[in-house]
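Colleague: Input structure: my_file.pdb, which contains PDB, C-alpha atoms and all ligand atoms.
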```pdb
ATOM      1  CA  MET A   1    -149.927 -63.928  88.219
ATOM      2  CA  ASN A   2    -146.337 -63.976  87.217
ATOM      3  CA  SER A   3    -145.351 -61.822  84.393
ATOM      4  CA  PRO A   4    -141.990 -62.196  82.700
ATOM      5  CA  SER A   5    -140.961 -58.810  84.046
ATOM      6  CA  ALA A   6    -141.531 -59.926  87.663
ATOM      7  CA  ALA A   7    -138.221 -61.758  87.747
ATOM      8  CA  PRO A   8    -135.288 -59.472  88.473
ATOM      9  CA  SER A   9    -133.307 -59.149  85.334
ATOM     10  CA  GLN A  10    -129.832 -60.483  85.934
ATOM     11  CA  PRO A  11    -127.263 -59.652  83.328
ATOM     12  CA  THR A  12    -125.622 -62.814  82.122
ATOM     13  CA  ILE A  13    -121.892 -62.494  82.644
ATOM     14  CA  ASP A  14    -119.496 -65.030  81.288
ATOM     15  CA  PRO A  15    -116.224 -64.568  83.232
ATOM     16  CA  ALA A  16    -114.361 -66.389  80.471
ATOM     17  CA  ALA A  17    -115.266 -63.551  78.112
ATOM     18  CA  PHE A  18    -113.197 -61.190  80.262
ATOM     19  CA  GLY A  19    -110.129 -63.295  80.772
ATOM     20  CA  TYR A  20    -109.118 -66.832  81.377
ATOM     21  CA  GLN A  21    -109.975 -69.236  84.151
ATOM     22  CA  TRP A  22    -108.328 -72.419  85.309
ATOM     23  CA  SER A  23    -110.528 -75.493  85.221
ATOM     24  CA  ASP A  24    -109.869 -78.820  86.928
ATOM     25  CA  ALA A  25    -110.785 -80.392  83.592
ATOM     26  CA  LEU A  26    -107.206 -79.435  82.659
ATOM     27  CA  LEU A  27    -105.637 -81.654  85.316
ATOM     28  CA  THR A  28    -103.324 -84.236  83.736
ATOM     29  CA  GLY A  29    -102.551 -86.322  86.824
ATOM     30  CA  ASP A  30     -98.870 -85.328  86.866
ATOM     31  CA  ALA A  31     -98.461 -83.004  89.870
ATOM     32  CA  ARG A  32     -95.441 -81.099  88.557
ATOM     33  CA  MET A  33     -96.999 -80.612  85.123
ATOM     34  CA  ASP A  34    -100.264 -79.480  86.697
ATOM     35  CA  HIS A  35     -98.410 -76.997  88.915
ATOM     36  CA  THR A  36     -96.724 -75.470  85.861
ATOM     37  CA  HIS A  37    -100.064 -75.390  84.046
ATOM     38  CA  ARG A  38    -101.743 -73.555  86.925
ATOM     39  CA  GLU A  39     -98.988 -70.938  86.787
ATOM     40  CA  PHE A  40     -99.510 -70.646  83.012
ATOM     41  CA  ALA A  41    -103.263 -70.156  83.538
ATOM     42  CA  GLU A  42    -102.731 -67.566  86.297
ATOM     43  CA  GLN A  43    -100.317 -65.533  84.202
ATOM     44  CA  LEU A  44    -102.592 -65.694  81.181
ATOM     45  CA  SER A  45    -105.568 -64.632  83.275
ATOM     46  CA  THR A  46    -103.680 -61.635  84.709
ATOM     47  CA  LEU A  47    -102.431 -60.661  81.271
ATOM     48  CA  LEU A  48    -105.915 -60.635  79.772
ATOM     49  CA  ALA A  49    -107.218 -58.518  82.662
ATOM     50  CA  THR A  50    -104.452 -55.914  82.197
ATOM     51  CA  PRO A  51    -104.872 -52.809  79.986
ATOM     52  CA  ALA A  52    -102.921 -53.090  76.709
ATOM     53  CA  LYS A  53    -100.550 -50.245  77.600
ATOM     54  CA  ASP A  54     -99.287 -52.143  80.666
ATOM     55  CA  GLN A  55     -99.088 -55.629  79.187
ATOM     56  CA  LEU A  56     -95.544 -55.841  77.785
ATOM     57  CA  PRO A  57     -93.555 -56.689  80.950
ATOM     58  CA  LEU A  58     -96.202 -59.225  82.012
ATOM     59  CA  TYR A  59     -96.189 -60.730  78.544
ATOM     60  CA  GLN A  60     -92.393 -61.015  78.483
ATOM     61  CA  ALA A  61     -92.470 -62.825  81.842
ATOM     62  CA  PHE A  62     -95.229 -65.072  80.473
ATOM     63  CA  VAL A  63     -93.097 -65.926  77.407
ATOM     64  CA  ALA A  64     -90.128 -66.738  79.675
ATOM     65  CA  HIS A  65     -92.359 -68.993  81.790
ATOM     66  CA  THR A  66     -93.601 -70.727  78.649
ATOM     67  CA  VAL A  67     -90.031 -71.314  77.411
ATOM     68  CA  ALA A  68     -89.323 -73.179  80.672
ATOM     69  CA  HIS A  69     -92.730 -74.926  80.629
ATOM     70  CA  PHE A  70     -92.212 -76.337  77.128
ATOM     71  CA  ALA A  71     -88.529 -77.167  77.744
ATOM     72  CA  GLN A  72     -89.564 -79.171  80.796
ATOM     73  CA  GLU A  73     -92.010 -81.306  78.818
ATOM     74  CA  ASP A  74     -89.579 -81.667  75.890
ATOM     75  CA  ARG A  75     -86.914 -82.868  78.335
ATOM     76  CA  TRP A  76     -89.297 -85.451  79.813
ATOM     77  CA  MET A  77     -90.169 -86.677  76.329
ATOM     78  CA  GLN A  78     -86.499 -87.070  75.457
ATOM     79  CA  ALA A  79     -85.902 -88.980  78.686
ATOM     80  CA  THR A  80     -88.716 -91.432  78.014
ATOM     81  CA  GLY A  81     -88.258 -92.551  74.433
ATOM     82  CA  PHE A  82     -89.659 -89.791  72.231
ATOM     83  CA  THR A  83     -87.619 -88.906  69.164
ATOM     84  CA  ALA A  84     -86.188 -85.368  69.039
ATOM     85  CA  SER A  85     -88.745 -84.397  66.428
ATOM     86  CA  ASN A  86     -92.244 -85.404  67.431
ATOM     87  CA  CYS A  87     -95.477 -83.509  66.944
ATOM     88  CA  HIS A  88     -95.808 -82.432  70.594
ATOM     89  CA  THR A  89     -92.321 -80.870  70.646
ATOM     90  CA  ASP A  90     -92.926 -79.382  67.174
ATOM     91  CA  GLN A  91     -96.143 -77.773  68.389
ATOM     92  CA  HIS A  92     -94.330 -76.221  71.364
ATOM     93  CA  ALA A  93     -91.725 -74.736  68.996
ATOM     94  CA  MET A  94     -94.384 -73.303  66.683
ATOM     95  CA  ILE A  95     -96.359 -71.709  69.528
ATOM     96  CA  LEU A  96     -93.229 -70.194  71.078
ATOM     97  CA  GLU A  97     -92.099 -68.727  67.786
ATOM     98  CA  THR A  98     -95.484 -67.034  67.389
ATOM     99  CA  MET A  99     -95.458 -65.789  70.994
ATOM    100  CA  GLN A 100     -91.980 -64.296  70.571
ATOM    101  CA  ALA A 101     -92.900 -62.569  67.283
ATOM    102  CA  VAL A 102     -95.753 -60.774  69.083
ATOM    103  CA  VAL A 103     -93.259 -58.715  71.121
ATOM    104  CA  GLN A 104     -91.864 -56.998  68.007
ATOM    105  CA  HIS A 105     -95.362 -56.252  66.689
ATOM    106  CA  TYR A 106     -96.376 -54.729  70.042
ATOM    107  CA  GLN A 107     -93.229 -52.590  70.098
ATOM    108  CA  LYS A 108     -94.058 -51.318  66.608
ATOM    109  CA  GLY A 109     -97.390 -50.022  67.882
ATOM    110  CA  GLU A 110     -99.800 -52.928  67.456
ATOM    111  CA  THR A 111    -100.679 -52.771  71.127
ATOM    112  CA  GLU A 112    -103.832 -54.869  70.826
ATOM    113  CA  ILE A 113    -101.801 -57.873  69.647
ATOM    114  CA  ILE A 114    -100.961 -59.224  73.118
ATOM    115  CA  SER A 115    -104.642 -59.537  74.011
ATOM    116  CA  ARG A 116    -105.349 -61.202  70.667
ATOM    117  CA  MET A 117    -102.494 -63.657  71.272
ATOM    118  CA  GLY A 118    -103.699 -64.270  74.830
ATOM    119  CA  GLU A 119    -107.192 -65.101  73.619
ATOM    120  CA  ALA A 120    -105.789 -67.494  71.012
ATOM    121  CA  LEU A 121    -103.564 -69.115  73.646
ATOM    122  CA  ALA A 122    -106.504 -69.598  76.003
ATOM    123  CA  GLU A 123    -108.273 -71.602  73.324
ATOM    124  CA  TRP A 124    -105.120 -73.469  72.294
ATOM    125  CA  PHE A 125    -104.063 -74.352  75.831
ATOM    126  CA  ASP A 126    -107.340 -76.008  76.835
ATOM    127  CA  GLN A 127    -107.055 -78.319  73.863
ATOM    128  CA  HIS A 128    -103.314 -78.939  74.213
ATOM    129  CA  ALA A 129    -103.445 -79.719  77.929
ATOM    130  CA  GLN A 130    -106.291 -82.178  77.505
ATOM    131  CA  THR A 131    -104.732 -84.041  74.576
ATOM    132  CA  MET A 132    -100.948 -83.867  74.147
ATOM    133  CA  ASP A 133    -100.075 -83.000  77.759
ATOM    134  CA  ALA A 134    -102.559 -85.471  79.240
ATOM    135  CA  GLY A 135    -101.166 -88.106  76.870
ATOM    136  CA  LEU A 136     -97.621 -87.292  77.948
ATOM    137  CA  ALA A 137     -98.568 -87.537  81.633
ATOM    138  CA  GLN A 138    -100.092 -90.941  80.975
ATOM    139  CA  HIS A 139     -96.972 -92.044  79.092
ATOM    140  CA  LEU A 140     -94.669 -90.886  81.930
ATOM    141  CA  GLN A 141     -96.700 -92.860  84.395
ATOM    142  CA  SER A 142     -96.728 -95.966  82.209
ATOM    143  CA  VAL A 143     -92.920 -96.041  81.918
ATOM    144  CA  GLY A 144     -92.370 -95.208  85.610
ATOM    145  CA  PHE A 145     -90.891 -91.731  85.115
ATOM    146  CA  ASP A 146     -90.979 -89.529  88.226
ATOM    147  CA  SER A 147     -91.310 -85.937  87.002
ATOM    148  CA  ALA A 148     -90.442 -84.512  90.441
ATOM    149  CA  THR A 149     -86.956 -86.015  90.380
ATOM    150  CA  GLU A 150     -86.798 -86.597  86.591
ATOM    151  CA  THR A 151     -85.732 -90.194  87.086
ATOM    152  CA  LEU A 152     -86.879 -93.476  85.663
ATOM    153  CA  ALA A 153     -87.642 -96.329  88.019
ATOM    154  CA  ASP A 154     -86.354 -98.780  85.412
ATOM    155  CA  ALA A 155     -84.501 -97.641  82.286
ATOM    156  CA  ALA A 156     -85.351-100.946  80.630
ATOM    157  CA  ALA A 157     -88.966 -99.815  80.528
ATOM    158  CA  ILE A 158     -88.236 -97.448  77.665
ATOM    159  CA  ARG A 159     -85.405 -99.296  75.937
ATOM    160  CA  GLU A 160     -87.883-100.952  73.635
ATOM    161  CA  VAL A 161     -89.944 -97.842  73.026
ATOM    162  CA  THR A 162     -89.282 -95.090  70.545
ATOM    163  CA  VAL A 163     -92.103 -92.619  70.339
ATOM    164  CA  SER A 164     -92.134 -90.447  67.256
ATOM    165  CA  GLY A 165     -95.827 -89.608  67.396
ATOM    166  CA  CYS A 166     -97.508 -87.565  70.074
ATOM    167  CA  GLY A 167     -97.869 -90.328  72.563
ATOM    168  CA  SER A 168    -101.334 -88.941  73.099
ATOM    169  CA  VAL A 169    -104.877 -89.502  71.982
ATOM    170  CA  SER A 170    -104.706 -86.684  69.468
ATOM    171  CA  CYS A 171    -102.009 -85.557  67.096
ATOM    172  CA  SER A 172    -103.941 -82.703  65.527
TER     173      SER A 172
HETATM  174 FE    FE A 201     -97.887 -78.155  79.109
HETATM  175 FE    FE A 202     -97.179 -79.590  75.943
END
```
Can I see the file as structure tokens?
Modeller:
Amino acid sequence: MNSPSAAPSQPTIDPAAFGYQWSDALLTGDARMDHTHREFAEQLSTLLATPAKDQLPLYQAFVAHTVAHFAQEDRWMQATGFTASNCHTDQHAMILETMQAVVQHYQKGETEIISRMGEALAEWFDQHAQTMDAGLAQHLQSVGFDSATETLADAAAIREVTVSGCGSVSCS
């Protein structure tokens, strides 16, 4: 007869609770964007697995990577008909401002703040990549923009289009 105690008790471990893991659900279909996103996920994962006292240089490199990551997408939006102020670009600016402010707090002694920010970013990024970034990738493809060379197959494809919204399925 089987008793409940006969089964070896396996502790349930959720790896996500100890860091951050890339998922193919985050793929947008744009190879260059996905490459940048994998780097973002790897850096975030390493950061969250690092003790607070050693996080600052990793975090500063992560912020620098994110500056370039967001600038790349903003540049692609500008090249394909988005207005300078659109909610995707605005969200990038807001996130970066918050990320940069964290450095000063850490330096003033709030050393747990980088992990808190990292956890918030893990949640934010999954949502952002699957909505705004996926929408942007779809838009780039629809207008014939090659993100590898940052060129448009036919400039006329965007002449008629001015995108002031997100160009994605969600603007929240
Ligand atoms: Fe992105
Ligand atoms: Fe984005």
Colleague: Atom CA of A:Met33 to atom CA of A:Asp90: how many Å, to one decimal?
Modeller: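 One can read the atom CA of A:Met33 to atom CA of A:Asp90 distance as 18.4 Å.
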Colleague: List the residues selected by the PyMOL selection byres (((chain A and resi 52-64) around 7) and not hetatm) in the file shown, writing them as JSON, numbers by chain.
Modeller: {"A": [43, 47, 50, 51, 65, 66, 67, 68, 99, 111, 112]}
Colleague: Could you list, as a PyMOL selection string, all residues that come within 8 Å of ligand FE 201 (chain A)? Count only C-alpha atoms and all ligand atoms.
Modeller: chain A and resi 33+36-37+69-70+73+125+128-129+133
Colleague: Which residue, A:Leu26, A:Ser147, A:Ser115, A:His88, has the smallest gap to A:Gln127 when you use only C-alpha atoms?
Modeller: A:Leu26
Colleague: Would you mind listing what lies within 12 Å of A:His35 as a PyMOL selection string, with all atoms listed in the file counted and same-chain residues fewer than 6 positions away left out?
Modeller: chain A and resi 22+24+26-29+41-42+69+147-148
Colleague: Kindly export the residues of the current selection with C-alpha atoms, as a tab-separated table (two decimals), in the coordinates of the input.
Modeller:
```tsv
chain	number	residue	atom	x	y	z
A	22	TRP	CA	-108.33	-72.42	85.31
A	24	ASP	CA	-109.87	-78.82	86.93
A	26	LEU	CA	-107.21	-79.44	82.66
A	27	LEU	CA	-105.64	-81.65	85.32
A	28	THR	CA	-103.32	-84.24	83.74
A	29	GLY	CA	-102.55	-86.32	86.82
A	41	ALA	CA	-103.26	-70.16	83.54
A	42	GLU	CA	-102.73	-67.57	86.30
A	69	HIS	CA	-92.73	-74.93	80.63
A	147	SER	CA	-91.31	-85.94	87.00
A	148	ALA	CA	-90.44	-84.51	90.44
```
Colleague: Give the answer as one residue: which of A:Thr89, A:Asp154, A:Val103, A:Met77 has the shortest atom-to-atom distance to A:Gln138, using only C-alpha atoms?
Modeller: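 Comparing A:Thr89, A:Asp154, A:Val103, A:Met77 against A:Gln138, the winner is A:Met77.
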Colleague: Check what the PyMOL selection byres (((chain A and resi 20) around 10) and not hetatm) selects in the file above and give those residues as a PyMOL selection string.
Modeller: chain A and resi 15-19+21-23+41-49+118-119+121-123
Colleague: When you count all atoms listed in the file, which of these residues is closest to ligand FE 202 (chain A): A:Ala157, A:Ala101, A:Met132, A:Ile113?
Modeller: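 Closest residue, counting all atoms listed in the file: A:Met132.
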Colleague: Please determine, counting only C-alpha atoms and all ligand atoms, which residue among A:Thr131, A:Thr98, A:Ser85, A:Thr80 has the shortest atom-to-atom distance to ligand FE 202 (chain A).
Modeller: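 Ranked by minimum distance to ligand FE 202 (chain A), first place goes to A:Thr131.
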Colleague: Rank nothing, just name the residue among A:Val102, A:Asp74, A:Asp146, A:Ile158 nearest to ligand FE 202 (chain A), using only C-alpha atoms and all ligand atoms.
Modeller: A:Asp74
Colleague: So what do you get for atom CA of A:Gly135 versus atom CA of A:Leu152, distance-wise?
Modeller: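 Atom-to-atom, atom CA of A:Gly135 to atom CA of A:Leu152, that is 17.6 Å.
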Colleague: Could you tell me which of A:Leu136, A:Thr151, A:Ala79, A:Met117 comes closest to A:Leu96 if we count all atoms listed in the file?
Modeller: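 Of A:Leu136, A:Thr151, A:Ala79, A:Met117, the one nearest A:Leu96 is A:Met117, counting all atoms listed in the file.
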Colleague: If I take atom CA of A:Gln130 and atom CA of A:Arg38, how far is one from the other in Å, to one decimal?
Modeller: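 That distance, rounded to one decimal, is 13.6 Å.
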